[in-house]
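run28.txt follows; it contains compact mmCIF, C-alpha atoms.
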# COMPACT_ATOMS: atom_id res chain seq x y z
CA MET P 26 -5.88 -9.31 13.54
CA ILE P 27 -6.79 -9.73 9.91
CA LYS P 28 -4.85 -12.64 8.46
CA LYS P 29 -1.53 -11.60 6.95
CA ASN P 30 -1.26 -12.07 3.24
CA ASN P 31 1.20 -11.93 0.39
CA LEU P 32 -0.14 -8.69 -1.02
CA ARG P 33 3.35 -7.33 -1.57
CA LYS P 34 4.50 -10.45 -3.40
CA VAL P 35 1.41 -10.35 -5.61
CA TYR P 36 2.06 -6.67 -6.29
CA LEU P 37 5.69 -7.43 -7.18
CA VAL P 38 4.73 -10.12 -9.70
CA TYR P 39 2.04 -7.83 -11.14
CA ILE P 40 4.46 -4.94 -11.61
CA ILE P 41 7.12 -7.15 -13.21
CA ALA P 42 4.57 -8.70 -15.61
CA LEU P 43 3.25 -5.26 -16.54
CA CYS P 44 6.75 -3.87 -17.15
CA GLU P 45 7.69 -6.88 -19.27
CA ILE P 46 4.60 -6.38 -21.43
CA PHE P 47 5.49 -2.70 -21.87
CA CYS P 48 9.08 -3.57 -22.79
CA VAL P 49 7.99 -6.20 -25.31
CA ALA P 50 5.61 -3.64 -26.81
CA TYR P 51 8.49 -1.15 -27.06
CA VAL P 52 10.70 -3.67 -28.84
CA LEU P 53 7.97 -4.78 -31.24
CA CYS P 54 6.81 -1.25 -32.03
CA SER P 55 10.33 0.09 -32.48
CA SER P 56 10.45 -1.47 -35.97
CA GLN P 57 7.84 1.10 -37.05
CA ILE P 58 10.13 4.01 -36.21
CA GLN P 59 11.60 5.57 -39.36
CA HIS P 60 14.44 7.41 -37.63
CA GLU P 61 17.24 4.82 -37.47
CA PRO P 62 19.19 6.01 -34.37
CA LEU P 63 15.97 6.47 -32.38
CA LYS P 64 14.83 3.03 -33.48
CA THR P 65 18.06 1.49 -32.13
CA ILE P 66 17.77 3.40 -28.84
CA ILE P 67 14.14 2.37 -28.23
CA LYS P 68 14.87 -1.24 -29.09
CA ALA P 69 17.93 -1.31 -26.79
CA ALA P 70 15.95 0.39 -23.99
CA GLY P 71 13.20 -2.20 -24.40
CA PHE P 72 15.64 -5.12 -24.13
CA ALA P 73 17.49 -3.49 -21.22
CA GLY P 74 14.19 -2.91 -19.41
CA MET P 75 13.17 -6.53 -19.89
CA VAL P 76 16.34 -7.67 -18.13
CA LEU P 77 16.88 -4.92 -15.56
CA ILE P 78 13.36 -4.18 -14.28
CA PRO P 79 12.74 -7.64 -12.69
CA VAL P 80 16.19 -7.56 -11.06
CA PHE P 81 15.62 -4.06 -9.70
CA MET P 82 12.11 -4.88 -8.50
CA VAL P 83 13.25 -8.03 -6.65
CA PHE P 84 16.04 -6.09 -4.90
CA PHE P 85 13.57 -3.31 -4.04
CA TYR P 86 11.07 -5.85 -2.70
CA ARG P 87 13.71 -7.54 -0.52
CA TRP P 88 14.87 -4.20 0.81
CA ARG P 89 11.31 -3.14 1.70
CA SER P 90 10.31 -6.51 3.13
CA LYS P 91 12.98 -6.41 5.85
CA ASP P 92 10.54 -4.43 7.98
CA ASN P 93 7.68 -6.90 7.94
CA ALA P 94 8.93 -10.10 6.33
CA GLY P 95 7.19 -9.35 3.06
CA THR P 96 3.68 -9.61 4.42
CA SER P 97 1.15 -6.88 4.97
CA ASP P 98 -0.67 -6.46 8.25
CA GLU P 99 -4.11 -4.98 8.78
CA LEU P 100 -2.88 -1.37 8.79
CA GLU P 101 -1.12 -1.79 5.47
CA GLN P 102 -4.15 -3.51 4.02
CA LEU P 103 -6.25 -0.56 5.13
CA VAL P 104 -3.81 1.86 3.48
CA LEU P 105 -3.75 -0.13 0.22
CA THR P 106 -7.53 -0.49 0.23
CA LYS P 107 -8.01 3.26 0.60
CA ALA P 108 -5.40 4.04 -2.09
CA LEU P 109 -6.97 1.52 -4.47
CA ALA P 110 -10.40 3.03 -3.81
CA ALA P 111 -9.05 6.50 -4.68
CA ALA P 112 -7.40 5.19 -7.87
CA GLY P 113 -10.60 3.35 -8.82
CA LEU P 114 -12.63 6.51 -8.31
CA VAL P 115 -10.26 8.52 -10.50
CA SER P 116 -10.22 5.88 -13.24
CA ILE P 117 -14.03 5.57 -13.32
CA SER P 118 -14.41 9.36 -13.29
CA LEU P 119 -11.91 9.91 -16.10
CA LEU P 120 -13.11 7.02 -18.28
CA PRO P 121 -15.79 9.04 -20.19
CA PHE P 122 -13.18 11.74 -20.90
CA LEU P 123 -10.72 9.10 -22.08
CA LEU P 124 -13.25 7.68 -24.55
CA LEU P 125 -14.35 11.12 -25.67
CA LEU P 126 -10.82 12.42 -26.20
CA CYS P 127 -9.72 9.24 -27.97
CA ALA P 128 -12.71 9.53 -30.33
CA LEU P 129 -12.07 13.23 -31.01
CA PHE P 130 -8.29 13.04 -31.29
CA SER P 131 -7.70 9.56 -32.63
CA ASP P 132 -4.19 10.47 -33.82
CA ALA P 133 -3.15 11.17 -30.23
CA ALA P 134 -5.09 8.25 -28.73
CA GLY P 135 -1.87 6.58 -27.55
CA TYR P 136 -0.74 9.67 -25.66
CA ILE P 137 -4.22 10.17 -24.17
CA ALA P 138 -4.35 6.55 -22.95
CA PHE P 139 -0.84 6.93 -21.56
CA GLY P 140 -1.88 10.11 -19.71
CA PHE P 141 -4.90 8.27 -18.30
CA ALA P 142 -2.71 5.39 -17.07
CA VAL P 143 -0.26 7.84 -15.49
CA ALA P 144 -3.08 9.74 -13.75
CA VAL P 145 -4.55 6.55 -12.28
CA GLY P 146 -1.17 5.12 -11.30
CA ALA P 147 -0.08 8.39 -9.74
CA THR P 148 -3.28 8.58 -7.72
CA PHE P 149 -2.63 5.11 -6.36
CA LYS P 150 0.99 5.89 -5.50
CA LEU P 151 0.22 9.28 -3.96
CA GLY P 152 -2.66 7.67 -2.07
CA THR P 153 -0.38 5.06 -0.51
CA VAL P 154 2.18 7.73 0.43
CA TYR P 155 -0.53 9.97 1.92
CA TYR P 156 -2.19 7.22 3.96
CA HIS P 157 1.16 5.81 5.11
CA LYS P 158 2.04 9.25 6.43
CA LYS P 159 -1.41 9.69 7.96
CA TYR P 160 -1.10 6.50 10.01
CA MET Y 14 -10.61 5.79 20.69
CA ARG Y 15 -8.32 6.38 23.65
CA ASN Y 16 -6.24 3.47 24.86
CA ARG Y 17 -3.54 2.49 27.34
CA VAL Y 18 -1.37 0.49 24.97
CA ARG Y 19 1.68 2.74 25.37
CA ASP Y 20 1.49 2.69 29.19
CA MET Y 21 1.10 -1.08 29.30
CA ARG Y 22 3.82 -1.67 26.70
CA GLU Y 23 6.28 0.54 28.57
CA SER Y 24 5.42 -1.07 31.88
CA MET Y 25 6.35 -4.43 30.35
CA GLY Y 26 9.57 -2.96 28.96
CA LEU Y 27 8.67 -3.73 25.37
CA THR Y 28 9.50 -1.71 22.29
CA GLN Y 29 6.89 -1.07 19.62
CA ALA Y 30 8.69 -3.49 17.32
CA GLN Y 31 8.70 -6.23 19.98
CA LEU Y 32 5.00 -5.73 20.70
CA GLY Y 33 4.34 -5.80 16.96
CA GLU Y 34 6.19 -9.09 16.71
CA LEU Y 35 4.22 -10.58 19.61
CA THR Y 36 0.89 -9.54 18.10
CA GLY Y 37 1.77 -10.20 14.48
CA VAL Y 38 1.63 -6.65 13.12
CA SER Y 39 4.19 -4.04 12.08
CA ARG Y 40 5.78 -1.45 14.36
CA GLN Y 41 3.91 1.21 12.38
CA ALA Y 42 0.59 -0.40 13.25
CA ILE Y 43 1.44 -0.35 16.97
CA ASN Y 44 2.49 3.30 16.69
CA ALA Y 45 -0.75 4.21 14.89
CA ILE Y 46 -2.79 2.51 17.62
CA GLU Y 47 -0.86 4.23 20.43
CA THR Y 48 -1.32 7.66 18.87
CA GLY Y 49 -5.03 7.02 18.37
CA LYS Y 50 -4.85 7.29 14.58
CA TYR Y 51 -6.01 3.76 14.00
CA ASP Y 52 -8.58 1.60 15.78
CA PRO Y 53 -7.45 -2.04 15.64
CA SER Y 54 -9.60 -4.97 14.57
CA ILE Y 55 -11.18 -7.11 17.27
CA TRP Y 56 -8.57 -9.81 16.62
CA LEU Y 57 -5.67 -7.44 17.13
CA ALA Y 58 -7.33 -6.09 20.29
CA TYR Y 59 -7.64 -9.69 21.46
CA ALA Y 60 -3.96 -10.34 20.70
CA LEU Y 61 -2.98 -7.24 22.68
CA SER Y 62 -5.13 -8.34 25.61
CA LYS Y 63 -3.36 -11.72 25.56
CA VAL Y 64 0.07 -10.08 25.61
CA PHE Y 65 -0.84 -7.64 28.39
CA LYS Y 66 -2.94 -10.26 30.25
CA ARG Y 67 -5.72 -7.71 30.64
CA ARG Y 68 -9.29 -7.46 29.41
CA ILE Y 69 -9.87 -5.58 26.15
CA GLU Y 70 -11.95 -2.92 27.93
CA ASP Y 71 -9.03 -2.30 30.32
CA ILE Y 72 -6.78 -1.51 27.36
CA PHE Y 73 -9.22 0.37 25.13
CA LEU Y 74 -11.33 3.02 26.80
CA PHE Y 75 -14.81 2.83 25.36
CA GLU Y 76 -16.69 6.01 26.09
CA GLU Y 77 -20.44 6.39 25.93
CA GLY Y 78 -21.51 8.30 22.86
CA GLU Y 79 -18.03 8.26 21.25
CA ARG Y 80 -19.19 6.04 18.39
CA ASN Y 81 -22.14 8.33 17.63
CA ASP Y 82 -19.87 11.38 17.80
CA GLN Y 83 -17.58 9.89 15.14
CA LYS Y 84 -20.51 9.53 12.74
CA LYS Y 85 -21.44 13.23 13.01

Before we go any further, please render this structure as structure tokens.
Amino acid sequence: MIKKNNLRKVYLVYIIALCEIFCVAYVLCSSQIQHEPLKTIIKAAGFAGMVLIPVFMVFFYRWRSKDNAGTSDELEQLVLTKALAAAGLVSISLLPFLLLLCALFSDAAGYIAFGFAVAVGATFKLGTVYYHKKY
Amino acid sequence: MRNRVRDMRESMGLTQAQLGELTGVSRQAINAIETGKYDPSIWLAYALSKVFKRRIEDIFLFEEGERNDQKK
């Protein structure tokens, strides 16, 4: 069989790092918010996320890894490869639209980039669910 | 590709999880192979042949023209 790897562990670290960056960005950007109560909520949510997300992700990882000791076998690697290929295809296809829309609507560039990230992430997640069910 | 993994596993009294443990893959992978949804790598086929003490071609039924049919 294809050698087992630590794909899940790598994915866990990647997700935690990404979430931490997002949370730090939330906290830093919250100072720009004029509305005081909203500013406090966003800042608190950012700090809470920084603490809670890694804890939640580690528990989730341990719960999921009971089935296969945290490693991925060749079937799972096939599933992840196909899902990543689908997400890559979507991201490359949508990239010209992202640039175009950001240039045309620069005020909403943040929302457009967020929508792009959600579309690509959702494709990856739905891809993994679809291929897991298929096999 | 058709195979006799389920027959051989059951004749040895193994569960899918136990066979997965012996061959180093998940129970889901064994299930996907048994139902014909997934063709294993040559190394997994070799591991299965070791567990069953049979030749790979006794476990997996290679049929003439099947590979060409898949491409169409």

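By chain and then residue number, the residues within 7 Å of Ser39 of chain Y are Asn93 and Asp98 of chain P; Ala30, Gly33 and Ile43 of chain Y, counting only C-alpha atoms and disregarding those fewer than 4 positions away in sequence.
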
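Residues within 12 Å of Val76 of chain P, counting all atoms listed in the file and excluding same-chain residues fewer than 4 positions away, are P:Ile41, P:Cys44, P:Glu45, P:Cys48, P:Val49, P:Ala69, P:Ala70, P:Gly71, P:Phe72, P:Val80, P:Phe81, P:Met82, P:Val83.
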
Practice task
Give me the residues within 8 Å of segment 113-118 of chain P as a PyMOL selection string, counting only C-alpha atoms and dropping any in the same chain fewer than 5 places off.
Solution key: chain P and resi 141+144-145+148

Handout entry: Check: which chain Y residues lie within 8 Å of chain P using all atoms listed in the file, as a list in words
Key = Gly37, Val38, Ser39, Gln41, Ala42, Ala45, Lys50, Tyr51, Pro53, Ser54, Ile55, Trp56, Leu57, Ala58 and Ala60 of chain Y

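One distance worth recording is that between atom CA of Leu74 of chain Y and atom CA of Asn16 of chain Y, which is 5.5 Å.
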
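Our summary of the geometry notes that atom CA of Glu23 of chain Y is positioned 12.8 Å from atom CA of Asn44 of chain Y.
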
Handout entry: Shell of 8 Å around Phe65 of chain Y, all atoms listed in the file, local chain residues under 4 positions omitted, as a list in words
Key =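 Counting only the stated atoms, we get Met21, Arg22 and Leu61 of chain Y.
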